[in-house]
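This report concerns only the one structure given below.
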Amino acid sequence: MNPRIRRLGIAFVLLYMLLFAQLNRVQFFGAERLQEDVNNTRGLIREFGRPRGPIVTADGVLLARSLPSDGSVDFVREYPEGDLYAHIVGYQSLNVAATGLERVYNDELAGLPVEQQFTSLGDLFADRDTTATLRLSIRHDVQTAARDALGERRGSVVALDPRTGEIIALWTYPSFDPNRLADPDGSAANAAHDELQSDPADPLLAKAYREIFFPGSTFKLVTAAAGIESGLIDAIGPVFAEREVYDPIPAGAPIRNFGGSTCGGDLVEILRVSCNVAFAEMGAEWVGPEGMVNAAESFGFNTTPNIDLPSPATSRFPVEFGERLADVDFYRGFEEGGDPSRSNGSVPIHEDSARLAQTAIGQNDVAATPLQMALVAAAIANGGVMMTPHVVVELVAADGSLYETIGSEISRIAMRTSTANTLADAMRVVANEGTARNLLVEGLDIGGKTGTAQIGTEPPKSHAWIVGFAGLPGEEPSLAFAVIVEATEGASEQTGGRVAAPIARSVVKAFFGIS
Amino acid sequence: MTVTGSAIEGVNANPLRDFRPRRVEAGLLVMVAATVGAAYGLASFGTSEAIPADLGPFLLWMFGLGLVVHLAVRRWASAADPVLVPVALLLNGLGYVVITRLDGGLAALQSTWTAVGVGGFVATLLVLPRARILESYRYLLGLVGLGLLMLPLVPGFGREINGARIWASVGPINFQPGEFAKLALAAFFAAYLVDSRELLRTRLELRDLAPIGAAWAISLGVMVLERDLGSSLLFFALFVVVLWVASERWIVLAFGGGLFVVGALLSWQLFDHVQTRVDIWLDPFADPKGDGYQIVEASFALADGGLSGTGLGHGEPGRIPFVETDFIFAAIGEELGMAGSAAVLMAFLILVGSGLRIALRASRIFDKLFALGLTTLVGVQAFVIIGGVLRVVPLTGITLPFVSYGGSSLVANYALLALLVRLSHEQRTAEMT
């Protein structure tokens with residue numbers, strides 16, 4: 001019998017080796033795959049089992065903190081400011097994927113990075129609080145002013161420091177209360193999420209940086225930059241003819257001014273009155289597709305912006321304008337007497353140059369996030385240098401020491417300094433004497449550009465825009481901003497200045513502490 | 001001095017004074033107590049960040065139980081293999097620590113059951129000065145085994161808990177008679193085959209097999225009626241292995257394998273719960289929140305554990321349904337990592353090895369077959385449930401011997417351990433004289 005017993009022993013060894021092999025598969029080789037399985041909520045439970053660092057504004061207002069909980073998880077996240085910072089801070093939820101800074105800075109908030117865990121040799125032995133506090137560049141007073149000024153109108157406000165890219169305010173209405181999604185009661189959180197998701201106003205979407213809109217006339221700043229960079233246009237020349245209608249070449253729908261008015265003049269003048277016909281001509285016949293695309297892309301269109309918030313939308317500018325047909329002289333040379341000395345005579349005309357003319361005034365296929373338009377104003381205010389936008393400036397340890405400082409970074413060179421200065425001066429004229437007069441605050445150096453982007457509804461509605469900058473006289477501008485009020489009643493060149501500019505003005509006043 | 005004690009001393013005077021195995025055992029037991037005590041402290045520290053106030057009493061209790069077992073073996077089975085008891089106590093202690101960490105209330109019960117188990121261990125050694133005593137009660141044991149098995153089916157006694165009717169209640173006490181039935185049936189199979197073995201070696205005829213065949217068929221039938229798949233598998237393995245070794249005929253294995261396939265297919269056809277189990281085994285991720293939940297969560301737990309584990313008290317094993325009983329292996333794998341889970345595998349392999357060594361060296365046929373049967377029970381049971389948790393085989397609800405929570409299982413396995421210790425003592429005493 002003994003040989004059988006020995007064989008049985010071998011059989012047992014083999015069976016247990018099989019178990020051991022499977023143990024290796026589950027606990028070692030396949031462990032990562034199992035941990036990443038969609039059904040695996042252990043990571044989440046772990047995340048909710050430890051405290052996270054708080055999030056505070058530049059002026060010390062608490063935006064998020066962890067509170068001990070008796071429920072299914074050990075800690076719940078509380079957002080004392082409710083909906084005011086939902087689109088920045090986001091939420092950490094058991095049931096819904098996290099978003100906002102809670103997502104981007106998840107590891108740092110939870111204290112996971114090695115550099116936070118081991119700042120000195122002593123950390124090997126002591127159990128130290130390794131979570132980081134996120135200190136933002138957002139100022140609570142400015143953010144509150146933005147919310148109050150916008151009121152219950154759908155729209156967004158973005159304000160940032162053009163010199164550093166630090167975002168001072170970022171608000172979209174409607175917003176939502178992140179506390180509802182952080183509810184440890186899963187069904188309550190799910191119900192809240194479902195409700196918010198089915199809301200047609202889409203309060204979950206941070207439209208300030210995640211939705212694109214027709215920029216309307218605010219885009220004329222980009223067209224103007226393209227014009228100046230082309231070398232054919234400066235502040236005082238050429239003088240665009242006073243006209244009511246621009247007839248595109250080779251063919252296409254005529255472009256008119258708001259209310260059928262007549263306008264023309266030099267760059268400053270056409271910017272001051274936001275002259276559609278002149279900018280349409282500038283885009284299509286002075287700059288051409290290549291220059292327009294270059295300028296738009298220099299400002300960051302067609303590139304996903306580099307910002308420390310999740311999933312920013314990409315502003316877009318069309319890049320295809322069809323076959324090159326002939327140059328401007330071919331079409332315009334004869335009708336105006338065949339003057340061979342026209343400075344734009346050799347600008348190429350393409351099949352879709354009519355569309356290009358529309359894009360030059362921010363219509364057709366141009367679309368930008370409010371953040372993008374704020375960055376356009378910021379680049380102009382900052383001598384053509386666009387800084388990388390960010391909301392987090394410091395990671396602070398529990399004992400007050402610094403883990404990390406997020407410095408300023410150049411994002412791109414949008415244009416030459418001289419171009420930027422020319423445009424900035426023109427924007428000052430627009431604010432002082434033009435469509436953006438509602439921006440003016442006494443004692444401040446302010447420039448702006450309005451926009452009214454018709455969205456083709458009946459009765460007519462349009463996105464009311466204002467972009468601009470503000471600073472103390474004699475100093476570099478320290479604030480750049482963009483405001484959009486979506487789908488507001490009416491459509492005239494005054495709409496942007498009437499509706500959006502006062503909001504920006506409130507934000508500017510809050511920033512400079514002017515009551 | 002008891003009658004049994006003097007009887008042993010009278011038979012083999014010389015090896016009884018040789019306490020070297022017991023010194024080894026004592027050393028191992030001290031190591032086990034230190035390991036389990038440290039684990040207990042760590043688990044408590046992990047869950048509540050405090051050294052438990054009852055660490056002192058707990059260690060005393062541990063040492064006390066270990067001492068009782070050790071003294072009992074020293075007194076009544078002094079030549080026994082020194083490894084058996086420490087390995088079993090290590091598994092029991094580890095299981096207890098994990099149960100404490102999972103559910104304090106269950107842990108209190110489990111410590112009572114451990115005391116009862118140790119009592120059962122001592123009693124078994126006391127009552128059975130020689131294993132061969134059982135040989136003469138073979139048919140009685142067979143009947144007792146079947147009776148115990150059927151007890152849950154008797155109206156008034158039986159209780160169905162969690163879909164399996166394997167419980168009996170006598171007064172206030174619920175227990176699983178099947179756990180004890182397997183010991184009785186192992187003894188019956190061994191004893192019966194001692195006689196018919198010679199016959200079976202030359203001719204394998206059904207009528208020679210009738211009594212154990214009947215016992216086996218009845219036990220399988222009963223298990224199926226009670227929806228206890230794990231135990232069915234266990235009895236099947238016990239029967240086939242013991243018969244194969246006794247008859248020394250490969251045909252038994254082939255026949256057994258064939259029967260197994262037929263039985264498996266039949267029960268798959270007949271029973272929904274068997275189909276469900278197989279479906280879960282094939283793809284638990286098909287219904288990860290429903291049928292597959294337990295296995296899926298166990299896989300996640302083991303994956304979280306990785307090589308070194310989350311640390312006792314730092315994991316989330318409570319997410320797995322029935323983690324204190326059927327799935328305790330996953331909890332160990334999560335919090336102690338592969339280091340811990342592989343150690344449990346090793347411990348069972350050592351138990352199996354020790355048990356088979358007794359079977360190999362025993363001179364009497366009954367002792368051989370009985371040791372073999374008992375070892376098979378432990379080895380297969382551990383394989384079936386660990387394999388179920390690891391998805392090597394379809395899951396069948398059954399306890400992990402010595403580790404899982406459960407009074408019947410613990411007491412029965414301590415009795416099984418006492419029987420192995422008794423057999424080991426006899427085998428070694430015989431070798432030495």
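How things are named: the first chain in the structure tokens is A, the next is B, and so on; residues count from 1 in each chain; ligands count from 1 in the order shown.
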**OP:** Can you pull out every residue within 10 Å of Arg154 in chain A, counting only C-alpha atoms, but drop anything in the same chain fewer than 3 positions away, and send it as a list of chain:residue names?
**Re:**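 In the requested form, the answer reads A:Leu150, A:Gly151, A:Thr172, A:Tyr173, A:Pro174, A:Ser175, A:Ala201, A:Pro203, A:Lys207, A:His463, A:Ile484, A:Val485, A:Glu486, A:Ala487, A:Thr488.
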Keeping only C-alpha atoms, take the residues you just selected and write them out as a CSV table (one decimal), in the first residue's frame.
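As a result, part37.csv now contains:
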```csv
chain,number,residue,atom,x,y,z
A,150,LEU,CA,-23.6,87.5,-13.3
A,151,GLY,CA,-26.6,86.6,-11.2
A,172,THR,CA,-20.0,79.6,-14.5
A,173,TYR,CA,-23.7,79.8,-13.9
A,174,PRO,CA,-25.5,77.5,-13.4
A,175,SER,CA,-23.3,75.6,-11.0
A,201,ALA,CA,-28.7,73.8,-18.4
A,203,PRO,CA,-24.8,72.7,-14.3
A,207,LYS,CA,-18.4,76.0,-19.2
A,463,HIS,CA,-23.8,85.6,-26.6
A,484,ILE,CA,-19.8,85.7,-21.5
A,485,VAL,CA,-23.5,85.9,-21.0
A,486,GLU,CA,-25.0,83.1,-23.0
A,487,ALA,CA,-28.0,83.5,-25.3
A,488,THR,CA,-29.1,86.9,-24.1
```
Original post:
Taking only C-alpha atoms into account, which residues of chain B are within 6 Å of chain A, as a PyMOL selection string?
Top reply: chain B and resi 245+300+302-303+306+360
Would you export the selected residues with C-alpha atoms as a CSV table (one decimal), in the first residue's frame, please?
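Wrote again_7.csv, looks like this:
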```
chain,number,residue,atom,x,y,z
B,245,VAL,CA,-4.9,2.5,-1.5
B,300,PHE,CA,-9.9,42.0,-5.4
B,302,LEU,CA,-6.2,39.0,-2.7
B,303,ALA,CA,-5.0,41.4,-5.4
B,306,GLY,CA,-0.2,41.5,-3.1
B,360,LEU,CA,3.2,5.1,5.5
```
Subject >> Nearest to Val274 in chain B, chosen from B:Phe188, B:Gly230, B:Thr35, B:Pro152, with only C-alpha atoms counted in the distances >> reply: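 Comparing B:Phe188, B:Gly230, B:Thr35, B:Pro152 against Val274 in chain B, the winner is B:Gly230.
The coordinates place CA of Thr452 in chain A at 4.8 Å from CA of Ala464 in chain A.
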**OP:** Between B:Trp281, B:Tyr139, B:Phe236, B:Tyr293, single out the one closest to Gly387 in chain B, counting only C-alpha atoms.
**Re:**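 Nearest candidate to Gly387 in chain B out of B:Trp281, B:Tyr139, B:Phe236, B:Tyr293: B:Trp281.
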**OP:** Can you pull out every residue within 12 Å of Thr262 in chain A, counting only C-alpha atoms, but drop anything in the same chain fewer than 4 positions away, and send it as an NGL selection string?
**Re:** :A and (240-246 or 255-258 or 270 or 273-278)
Original post:
Of the candidates A:Phe176, A:Phe214, A:Trp171, A:Phe279, which shows the shortest atom-to-atom distance to Gln454 in chain A, using only C-alpha atoms?
Top reply: A:Phe214
**OP:** Pick out the closest residue to Leu234 in chain B from this set: B:Ala184, B:Ala362, B:Leu102, B:Val384. Count only C-alpha atoms.
**Re:**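 The answer is B:Val384, which sits nearest to Leu234 in chain B.
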**OP:** Would you kindly return, as a list in words, each protein, DNA or RNA residue with an atom no farther than 6 Å from any atom of range 388-403 of chain B, considering only C-alpha atoms and excluding same-chain residues fewer than 5 positions away?
**Re:** Leu91, Asn92, Gly95, Leu229, Gly230, Val278, Trp281, Thr325, Asp326, Ala382 and Leu410 of chain B
Output the selection as a PDB file, in the first residue's frame - N, CA and C atoms for each residue.
```pdb
ATOM      1  N   LEU B  91      -2.658  27.380  12.702  1.00  0.00           N
ATOM      2  CA  LEU B  91      -3.796  27.678  11.818  1.00  0.00           C
ATOM      3  C   LEU B  91      -4.966  28.206  12.623  1.00  0.00           C
ATOM      4  N   ASN B  92      -5.240  27.559  13.743  1.00  0.00           N
ATOM      5  CA  ASN B  92      -6.350  27.967  14.595  1.00  0.00           C
ATOM      6  C   ASN B  92      -6.124  29.395  15.106  1.00  0.00           C
ATOM      7  N   GLY B  95      -6.432  31.954  12.289  1.00  0.00           N
ATOM      8  CA  GLY B  95      -7.848  32.123  11.988  1.00  0.00           C
ATOM      9  C   GLY B  95      -8.520  32.967  13.048  1.00  0.00           C
ATOM     10  N   LEU B 229     -22.569  20.599  -1.349  1.00  0.00           N
ATOM     11  CA  LEU B 229     -21.683  20.127  -2.408  1.00  0.00           C
ATOM     12  C   LEU B 229     -20.286  19.820  -1.887  1.00  0.00           C
ATOM     13  N   GLY B 230     -19.795  20.674  -1.025  1.00  0.00           N
ATOM     14  CA  GLY B 230     -18.433  20.523  -0.525  1.00  0.00           C
ATOM     15  C   GLY B 230     -18.251  19.194   0.174  1.00  0.00           C
ATOM     16  N   VAL B 278     -21.065  26.634 -11.232  1.00  0.00           N
ATOM     17  CA  VAL B 278     -20.144  26.402 -12.348  1.00  0.00           C
ATOM     18  C   VAL B 278     -20.016  27.664 -13.205  1.00  0.00           C
ATOM     19  N   TRP B 281     -17.847  30.022 -11.539  1.00  0.00           N
ATOM     20  CA  TRP B 281     -16.452  29.564 -11.614  1.00  0.00           C
ATOM     21  C   TRP B 281     -15.839  29.925 -12.970  1.00  0.00           C
ATOM     22  N   THR B 325     -16.036  32.494   7.437  1.00  0.00           N
ATOM     23  CA  THR B 325     -16.108  31.038   7.324  1.00  0.00           C
ATOM     24  C   THR B 325     -15.463  30.570   6.020  1.00  0.00           C
ATOM     25  N   ASP B 326     -16.272  30.514   4.958  1.00  0.00           N
ATOM     26  CA  ASP B 326     -15.761  29.945   3.713  1.00  0.00           C
ATOM     27  C   ASP B 326     -14.609  30.753   3.118  1.00  0.00           C
ATOM     28  N   ALA B 382      -9.223  21.352   2.688  1.00  0.00           N
ATOM     29  CA  ALA B 382      -8.494  22.616   2.535  1.00  0.00           C
ATOM     30  C   ALA B 382      -8.336  22.944   1.053  1.00  0.00           C
ATOM     31  N   LEU B 410     -14.495  23.197  14.059  1.00  0.00           N
ATOM     32  CA  LEU B 410     -13.317  23.303  14.904  1.00  0.00           C
ATOM     33  C   LEU B 410     -13.213  22.103  15.845  1.00  0.00           C
TER      34      LEU B 410
END
```
Original post:
If you count only C-alpha atoms, which residues fall within 8 Å of range 428-445 of chain A, apart from same-chain ones fewer than 2 positions away, as a PyMOL selection string?
Top reply: chain A and resi 268+271-274+424-426+447-450+466+470-474+477+493-494+497-498+501-502+504-505+509
Go through range 152-251 of chain A residue by residue and, counting only C-alpha atoms, keep those with an atom at most 6 Å from range 342-364 of chain A; for each kept residue give the shortest atom pair and its distance in Å to one decimal, ordered by chain and increasing number, as a tab-separated table.
```
residue	atom	partner	partner_atom	distance
A:Pro215	CA	A:Gly362	CA	5.2
A:Gly216	CA	A:Gly362	CA	4.0
A:Ser217	CA	A:Ile361	CA	5.4
A:Phe219	CA	A:Gly362	CA	5.0
A:Lys220	CA	A:Ile361	CA	5.5
A:Thr223	CA	A:Ala360	CA	5.7
A:Pro248	CA	A:Ala354	CA	5.1
```
**OP:** With a distance cut-off of 10 Å and only C-alpha atoms, select the neighbouring residues of Leu94 in chain A, excluding the residue or stretch itself and same-chain residues fewer than 4 positions from it, and output the selection as a list in words.
**Re:** Thr41, Leu44, Ile45, Glu47, Phe48, Val73, Val76, Ala98, Leu181, Ala182, Asp183, Pro184, Asp185, Gly186, Ala189 and Asn190 of chain A
**OP:** Please give the complete set of residues from range 103-243 of chain B that DSSP, run on the backbone, assigns to strand (DSSP E or B), formatted as an MDAnalysis selection string.
**Re:** chainID B and resid 158:161 164:170 173:175
Those residues you just picked out, can you put them in a file as a JSON list (two decimals), in the first residue's frame with C-alpha atoms?
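The resulting file, selection22.json, is reproduced below:
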```json
[["chain", "number", "residue", "atom", "x", "y", "z"],
["B", 158, "GLY", "CA", -32.81, 19.89, 11.03],
["B", 159, "ARG", "CA", -32.22, 23.51, 10.25],
["B", 160, "GLU", "CA", -31.59, 25.07, 6.91],
["B", 161, "ILE", "CA", -29.12, 27.95, 7.06],
["B", 164, "ALA", "CA", -27.80, 24.24, 2.95],
["B", 165, "ARG", "CA", -29.67, 21.90, 5.24],
["B", 166, "ILE", "CA", -26.64, 20.74, 7.13],
["B", 167, "TRP", "CA", -27.53, 21.93, 10.58],
["B", 168, "ALA", "CA", -29.12, 20.11, 13.48],
["B", 169, "SER", "CA", -30.28, 21.66, 16.67],
["B", 170, "VAL", "CA", -30.45, 19.96, 19.99],
["B", 173, "ILE", "CA", -27.13, 24.27, 20.35],
["B", 174, "ASN", "CA", -26.90, 24.30, 16.56],
["B", 175, "PHE", "CA", -24.26, 22.13, 15.05]]
```
